[in-house]
file coords-v7.pdb (PDB, C-alpha atoms, pLDDT in the B column)
ATOM      1  CA  MET A 145     177.943  54.716  98.609  1.00 38.00           C
ATOM      2  CA  ALA A 146     180.360  54.206  95.751  1.00 38.00           C
ATOM      3  CA  SER A 147     181.556  57.189  93.811  1.00 39.00           C
ATOM      4  CA  HIS A 148     180.529  57.591  90.205  1.00 40.00           C
ATOM      5  CA  ASN A 149     184.199  57.220  89.198  1.00 38.00           C
ATOM      6  CA  SER A 150     184.237  53.529  90.083  1.00 38.00           C
ATOM      7  CA  ILE A 151     181.138  52.624  88.103  1.00 42.00           C
ATOM      8  CA  GLY A 152     181.001  50.653  84.894  1.00 42.00           C
ATOM      9  CA  SER A 153     178.153  51.144  82.452  1.00 39.00           C
ATOM     10  CA  SER A 154     175.820  48.817  80.637  1.00 39.00           C
ATOM     11  CA  SER A 155     173.286  49.237  77.864  1.00 37.00           C
ATOM     12  CA  ARG A 156     170.721  52.020  78.153  1.00 37.00           C
ATOM     13  CA  SER A 157     167.003  51.806  77.620  1.00 36.00           C
ATOM     14  CA  ARG A 158     165.189  54.990  76.584  1.00 35.00           C
ATOM     15  CA  SER A 159     161.701  53.499  76.693  1.00 35.00           C
ATOM     16  CA  LYS A 160     159.127  55.530  78.622  1.00 38.00           C
ATOM     17  CA  GLN A 161     157.011  52.435  79.319  1.00 38.00           C
ATOM     18  CA  THR A 162     157.983  50.868  82.608  1.00 44.00           C
ATOM     19  CA  SER A 163     156.610  47.808  84.296  1.00 48.00           C
ATOM     20  CA  SER A 164     156.155  47.616  88.043  1.00 49.00           C
ATOM     21  CA  SER A 165     159.420  45.616  88.296  1.00 64.00           C
ATOM     22  CA  GLN A 166     161.530  48.295  86.616  1.00 79.00           C
ATOM     23  CA  VAL A 167     163.258  51.132  88.415  1.00 82.00           C
ATOM     24  CA  VAL A 168     163.150  54.608  86.917  1.00 86.00           C
ATOM     25  CA  CYS A 169     165.518  57.487  87.509  1.00 86.00           C
ATOM     26  CA  TYR A 170     164.482  61.072  88.232  1.00 86.00           C
ATOM     27  CA  HIS A 171     164.174  61.670  84.456  1.00 86.00           C
ATOM     28  CA  ASN A 172     161.350  59.103  84.506  1.00 85.00           C
ATOM     29  CA  GLU A 173     163.500  56.852  82.331  1.00 87.00           C
ATOM     30  CA  ILE A 174     164.294  53.200  83.020  1.00 88.00           C
ATOM     31  CA  ALA A 175     167.379  53.094  85.238  1.00 88.00           C
ATOM     32  CA  PRO A 176     169.707  50.415  83.837  1.00 90.00           C
ATOM     33  CA  LEU A 177     171.170  47.772  86.116  1.00 88.00           C
ATOM     34  CA  ARG A 178     174.947  48.156  86.228  1.00 90.00           C
ATOM     35  CA  THR A 179     177.839  46.457  87.982  1.00 91.00           C
ATOM     36  CA  VAL A 180     180.800  48.078  89.752  1.00 90.00           C
ATOM     37  CA  ARG A 181     183.811  46.962  87.698  1.00 90.00           C
ATOM     38  CA  TYR A 182     186.652  48.706  89.422  1.00 88.00           C
ATOM     39  CA  ASP A 183     188.692  47.301  92.301  1.00 91.00           C
ATOM     40  CA  GLY A 184     187.454  48.176  95.739  1.00 90.00           C
ATOM     41  CA  PRO A 185     185.116  46.958  98.427  1.00 91.00           C
ATOM     42  CA  THR A 186     182.069  47.276  96.139  1.00 88.00           C
ATOM     43  CA  LYS A 187     183.552  45.509  93.094  1.00 91.00           C
ATOM     44  CA  GLY A 188     180.927  43.265  91.506  1.00 92.00           C
ATOM     45  CA  LYS A 189     178.085  44.891  93.408  1.00 91.00           C
ATOM     46  CA  ARG A 190     175.071  45.693  91.238  1.00 90.00           C
ATOM     47  CA  PHE A 191     173.260  49.018  91.211  1.00 90.00           C
ATOM     48  CA  PHE A 192     170.735  51.106  89.310  1.00 88.00           C
ATOM     49  CA  GLY A 193     171.804  54.524  88.078  1.00 88.00           C
ATOM     50  CA  CYS A 194     170.562  57.394  85.957  1.00 89.00           C
ATOM     51  CA  SER A 195     169.875  56.321  82.403  1.00 84.00           C
ATOM     52  CA  TYR A 196     171.942  59.258  81.119  1.00 85.00           C
ATOM     53  CA  TRP A 197     175.125  58.421  83.070  1.00 81.00           C
ATOM     54  CA  PRO A 198     177.987  59.204  82.293  1.00 79.00           C
ATOM     55  CA  GLU A 199     176.692  62.166  80.258  1.00 77.00           C
ATOM     56  CA  GLN A 200     176.569  65.628  81.777  1.00 74.00           C
ATOM     57  CA  ARG A 201     172.812  65.721  82.249  1.00 81.00           C
ATOM     58  CA  THR A 202     172.612  62.913  84.786  1.00 84.00           C
ATOM     59  CA  CYS A 203     169.945  63.366  87.454  1.00 88.00           C
ATOM     60  CA  GLY A 204     172.098  61.780  90.151  1.00 86.00           C
ATOM     61  CA  PHE A 205     169.827  58.783  90.690  1.00 87.00           C
ATOM     62  CA  PHE A 206     171.690  55.879  92.308  1.00 85.00           C
ATOM     63  CA  LYS A 207     170.403  52.863  94.194  1.00 85.00           C
ATOM     64  CA  TRP A 208     172.077  49.586  95.102  1.00 87.00           C
ATOM     65  CA  ALA A 209     170.226  46.628  93.589  1.00 84.00           C
ATOM     66  CA  ASP A 210     169.656  45.106  97.034  1.00 81.00           C
ATOM     67  CA  GLU A 211     167.847  48.308  98.076  1.00 76.00           C
ATOM     68  CA  VAL A 212     165.615  48.403  95.004  1.00 64.00           C
ATOM     69  CA  ASP A 213     162.535  46.948  96.671  1.00 70.00           C
ATOM     70  CA  ASP A 214     162.358  50.079  98.820  1.00 70.00           C
ATOM     71  CA  VAL A 215     162.625  52.250  95.716  1.00 69.00           C
ATOM     72  CA  ARG A 216     160.018  50.220  93.851  1.00 71.00           C
ATOM     73  CA  ASP A 217     157.678  50.448  96.824  1.00 76.00           C
ATOM     74  CA  LEU A 218     158.139  54.201  96.988  1.00 79.00           C
ATOM     75  CA  GLN A 219     157.735  54.604  93.236  1.00 79.00           C
ATOM     76  CA  HIS A 220     154.575  52.507  93.369  1.00 81.00           C
ATOM     77  CA  LEU A 221     153.292  54.618  96.260  1.00 83.00           C
ATOM     78  CA  VAL A 222     154.049  57.810  94.325  1.00 88.00           C
ATOM     79  CA  MET A 223     152.236  56.412  91.287  1.00 88.00           C
ATOM     80  CA  GLU A 224     149.193  55.546  93.427  1.00 90.00           C
ATOM     81  CA  LYS A 225     149.193  59.034  94.954  1.00 92.00           C
ATOM     82  CA  GLU A 226     149.480  60.667  91.530  1.00 92.00           C
ATOM     83  CA  THR A 227     146.565  58.539  90.314  1.00 93.00           C
ATOM     84  CA  ARG A 228     144.499  59.569  93.341  1.00 95.00           C
ATOM     85  CA  ILE A 229     145.386  63.218  92.739  1.00 95.00           C
ATOM     86  CA  CYS A 230     144.157  62.899  89.136  1.00 95.00           C
ATOM     87  CA  GLU A 231     140.935  61.279  90.349  1.00 96.00           C
ATOM     88  CA  LEU A 232     140.393  64.050  92.909  1.00 96.00           C
ATOM     89  CA  GLU A 233     141.120  66.745  90.330  1.00 96.00           C
ATOM     90  CA  SER A 234     138.556  65.131  88.036  1.00 96.00           C
ATOM     91  CA  GLU A 235     136.013  65.024  90.879  1.00 96.00           C
ATOM     92  CA  MET A 236     136.785  68.656  91.666  1.00 97.00           C
ATOM     93  CA  ASP A 237     136.176  69.642  88.034  1.00 96.00           C
ATOM     94  CA  MET A 238     132.850  67.777  88.089  1.00 96.00           C
ATOM     95  CA  MET A 239     131.907  69.513  91.344  1.00 97.00           C
ATOM     96  CA  LYS A 240     132.819  72.904  89.872  1.00 97.00           C
ATOM     97  CA  ASP A 241     130.563  72.175  86.887  1.00 96.00           C
ATOM     98  CA  LYS A 242     127.778  71.091  89.225  1.00 96.00           C
ATOM     99  CA  VAL A 243     128.160  74.264  91.316  1.00 97.00           C
ATOM    100  CA  LYS A 244     128.049  76.344  88.125  1.00 96.00           C
ATOM    101  CA  ARG A 245     124.855  74.597  87.006  1.00 96.00           C
ATOM    102  CA  LEU A 246     123.284  75.001  90.454  1.00 96.00           C
ATOM    103  CA  LYS A 247     124.158  78.716  90.534  1.00 95.00           C
ATOM    104  CA  ALA A 248     122.518  79.169  87.132  1.00 95.00           C
ATOM    105  CA  LYS A 249     119.449  77.269  88.349  1.00 94.00           C
ATOM    106  CA  LYS A 250     119.332  79.383  91.518  1.00 93.00           C
ATOM    107  CA  LYS A 251     119.530  82.579  89.458  1.00 93.00           C
ATOM    108  CA  LYS A 252     116.663  81.373  87.273  1.00 93.00           C
ATOM    109  CA  LEU A 253     114.566  80.456  90.318  1.00 91.00           C
ATOM    110  CA  VAL A 254     115.245  83.835  91.956  1.00 90.00           C
ATOM    111  CA  GLU A 255     114.087  85.556  88.771  1.00 91.00           C
ATOM    112  CA  GLU A 256     110.938  83.391  88.711  1.00 89.00           C
ATOM    113  CA  VAL A 257     110.211  84.199  92.365  1.00 88.00           C
ATOM    114  CA  GLU A 258     110.661  87.913  91.659  1.00 87.00           C
ATOM    115  CA  GLU A 259     108.241  87.648  88.723  1.00 87.00           C
ATOM    116  CA  MET A 260     105.772  85.768  90.947  1.00 87.00           C
ATOM    117  CA  GLY A 261     106.096  88.494  93.569  1.00 84.00           C
ATOM    118  CA  ILE A 262     105.295  91.165  91.011  1.00 85.00           C
ATOM    119  CA  ALA A 263     102.345  89.144  89.692  1.00 83.00           C
ATOM    120  CA  THR A 264     101.083  88.575  93.241  1.00 84.00           C
ATOM    121  CA  THR A 265     101.300  92.290  94.018  1.00 83.00           C
ATOM    122  CA  GLU A 266      99.385  93.128  90.835  1.00 83.00           C
ATOM    123  CA  THR A 267      96.746  90.541  91.714  1.00 83.00           C
ATOM    124  CA  MET A 268      96.373  91.991  95.206  1.00 81.00           C
ATOM    125  CA  PHE A 269      95.849  95.492  93.768  1.00 79.00           C
ATOM    126  CA  GLU A 270      93.224  94.094  91.403  1.00 79.00           C
ATOM    127  CA  LEU A 271      91.481  92.386  94.328  1.00 77.00           C
ATOM    128  CA  LYS A 272      91.518  95.612  96.327  1.00 76.00           C
ATOM    129  CA  GLU A 273      90.087  97.483  93.375  1.00 76.00           C
ATOM    130  CA  ASN A 274      87.387  94.822  93.043  1.00 75.00           C
ATOM    131  CA  ASN A 275      86.618  95.094  96.764  1.00 76.00           C
ATOM    132  CA  THR A 276      86.357  98.862  96.472  1.00 77.00           C
ATOM    133  CA  ASP A 277      84.037  98.498  93.483  1.00 78.00           C
ATOM    134  CA  LYS A 278      81.880  96.037  95.433  1.00 79.00           C
ATOM    135  CA  ARG A 279      81.706  98.400  98.417  1.00 80.00           C
ATOM    136  CA  LEU A 280      80.720 101.279  96.204  1.00 81.00           C
ATOM    137  CA  MET A 281      78.037  99.144  94.571  1.00 82.00           C
ATOM    138  CA  LEU A 282      76.692  98.059  97.962  1.00 83.00           C
ATOM    139  CA  THR A 283      76.741 101.643  99.208  1.00 85.00           C
ATOM    140  CA  LEU A 284      74.863 102.764  96.117  1.00 82.00           C
ATOM    141  CA  VAL A 285      72.273  99.993  96.519  1.00 84.00           C
ATOM    142  CA  PHE A 286      71.769 100.782 100.204  1.00 83.00           C
ATOM    143  CA  SER A 287      71.546 104.506  99.502  1.00 85.00           C
ATOM    144  CA  TRP A 288      68.859 103.862  96.844  1.00 84.00           C
ATOM    145  CA  ALA A 289      67.027 101.619  99.246  1.00 82.00           C
ATOM    146  CA  PHE A 290      67.264 104.255 101.977  1.00 81.00           C
ATOM    147  CA  PHE A 291      66.134 106.979  99.556  1.00 79.00           C
ATOM    148  CA  THR A 292      63.189 104.805  98.484  1.00 82.00           C
ATOM    149  CA  LEU A 293      62.218 104.190 102.098  1.00 77.00           C
ATOM    150  CA  VAL A 294      62.426 107.876 102.899  1.00 78.00           C
ATOM    151  CA  LEU A 295      60.221 108.678  99.907  1.00 78.00           C
ATOM    152  CA  LEU A 296      57.734 105.991 100.798  1.00 79.00           C
ATOM    153  CA  MET A 297      57.411 107.171 104.351  1.00 80.00           C
ATOM    154  CA  LYS A 298      56.433 110.613 103.387  1.00 71.00           C
TER     155      LYS A 298
END
call {"tool": "encode", "arguments": {"input": "coords-v7.pdb", "output": "structure tokens"}}
result
Amino acid sequence: MASHNSIGSSSRSRSKQTSSSQVVCYHNEIAPLRTVRYDGPTKGKRFFGCSYWPEQRTCGFFKWADEVDDVRDLQHLVMEKETRICELESEMDMMKDKVKRLKAKKKKLVEEVEEMGIATTETMFELKENNTDKRLMLTLVFSWAFFTLVLLMK
């Protein structure tokens, strides 16, 4: 790999919009295509470098132009993965909302079941009271009938 000392610079592009054919540096800026201008074995070879080179805040991105397809493929793969992560996060948020709604519905249903249980218990007590009243009435009727029979037999 050539050292940064033997690198010539070209125009910079600060645009954040990149097409699939453009290479971006680690700053997520378009990495300009440059040419090695100094004598040596790499003179004339083209490369992509950090868009901020030669300033101090360079990210260190460097890739020979003939290796760019690998970088583009990886950048495309990263972009696809980031998109999938966003989709999954969105699905997760929807699922969280659905769970929240279902928990609220469950709470409401539990309260309704508890109210039904109380109402059922009250109804059962009323039925028992009614049964007791009926038994007392039958006992009274039979006792009158028995008393009448005893009186008639005398």
call {"tool": "resolve_selection", "arguments": {"input": "coords-v7.pdb", "expression": "the PyMOL selection byres ((chain A and resi 215-227) around 9)", "output": "list of chain:residue names"}}
result
A:Ser164, A:Ser165, A:Gln166, A:Val167, A:Val168, A:Lys207, A:Glu211, A:Val212, A:Asp213, A:Asp214, A:Arg228, A:Ile229, A:Cys230, A:Glu231, A:Leu232
call {"tool": "resolve_selection", "arguments": {"input": "coords-v7.pdb", "expression": "the PyMOL selection byres ((chain A and resi 193) around 7)", "output": "mmCIF file with C-alpha atoms, in the frame of the given file"}}
result
data_model
loop_
_atom_site.group_PDB
_atom_site.id
_atom_site.type_symbol
_atom_site.label_atom_id
_atom_site.label_comp_id
_atom_site.auth_asym_id
_atom_site.auth_seq_id
_atom_site.Cartn_x
_atom_site.Cartn_y
_atom_site.Cartn_z
ATOM 1 C CA CYS A 169 165.518 57.487 87.509
ATOM 2 C CA ALA A 175 167.379 53.094 85.238
ATOM 3 C CA PRO A 176 169.707 50.415 83.837
ATOM 4 C CA PHE A 191 173.260 49.018 91.211
ATOM 5 C CA PHE A 192 170.735 51.106 89.310
ATOM 6 C CA CYS A 194 170.562 57.394 85.957
ATOM 7 C CA SER A 195 169.875 56.321 82.403
ATOM 8 C CA PHE A 205 169.827 58.783 90.690
ATOM 9 C CA PHE A 206 171.690 55.879 92.308
ATOM 10 C CA LYS A 207 170.403 52.863 94.194
#
call {"tool": "atom_distance", "arguments": {"input": "coords-v7.pdb", "atom1": "CA of Thr179 (chain A)", "atom2": "CA of Tyr196 (chain A)"}}
result
15.7 Å
call {"tool": "atom_distance", "arguments": {"input": "coords-v7.pdb", "atom1": "CA of Glu235 (chain A)", "atom2": "CA of Lys247 (chain A)"}}
result
18.1 Å
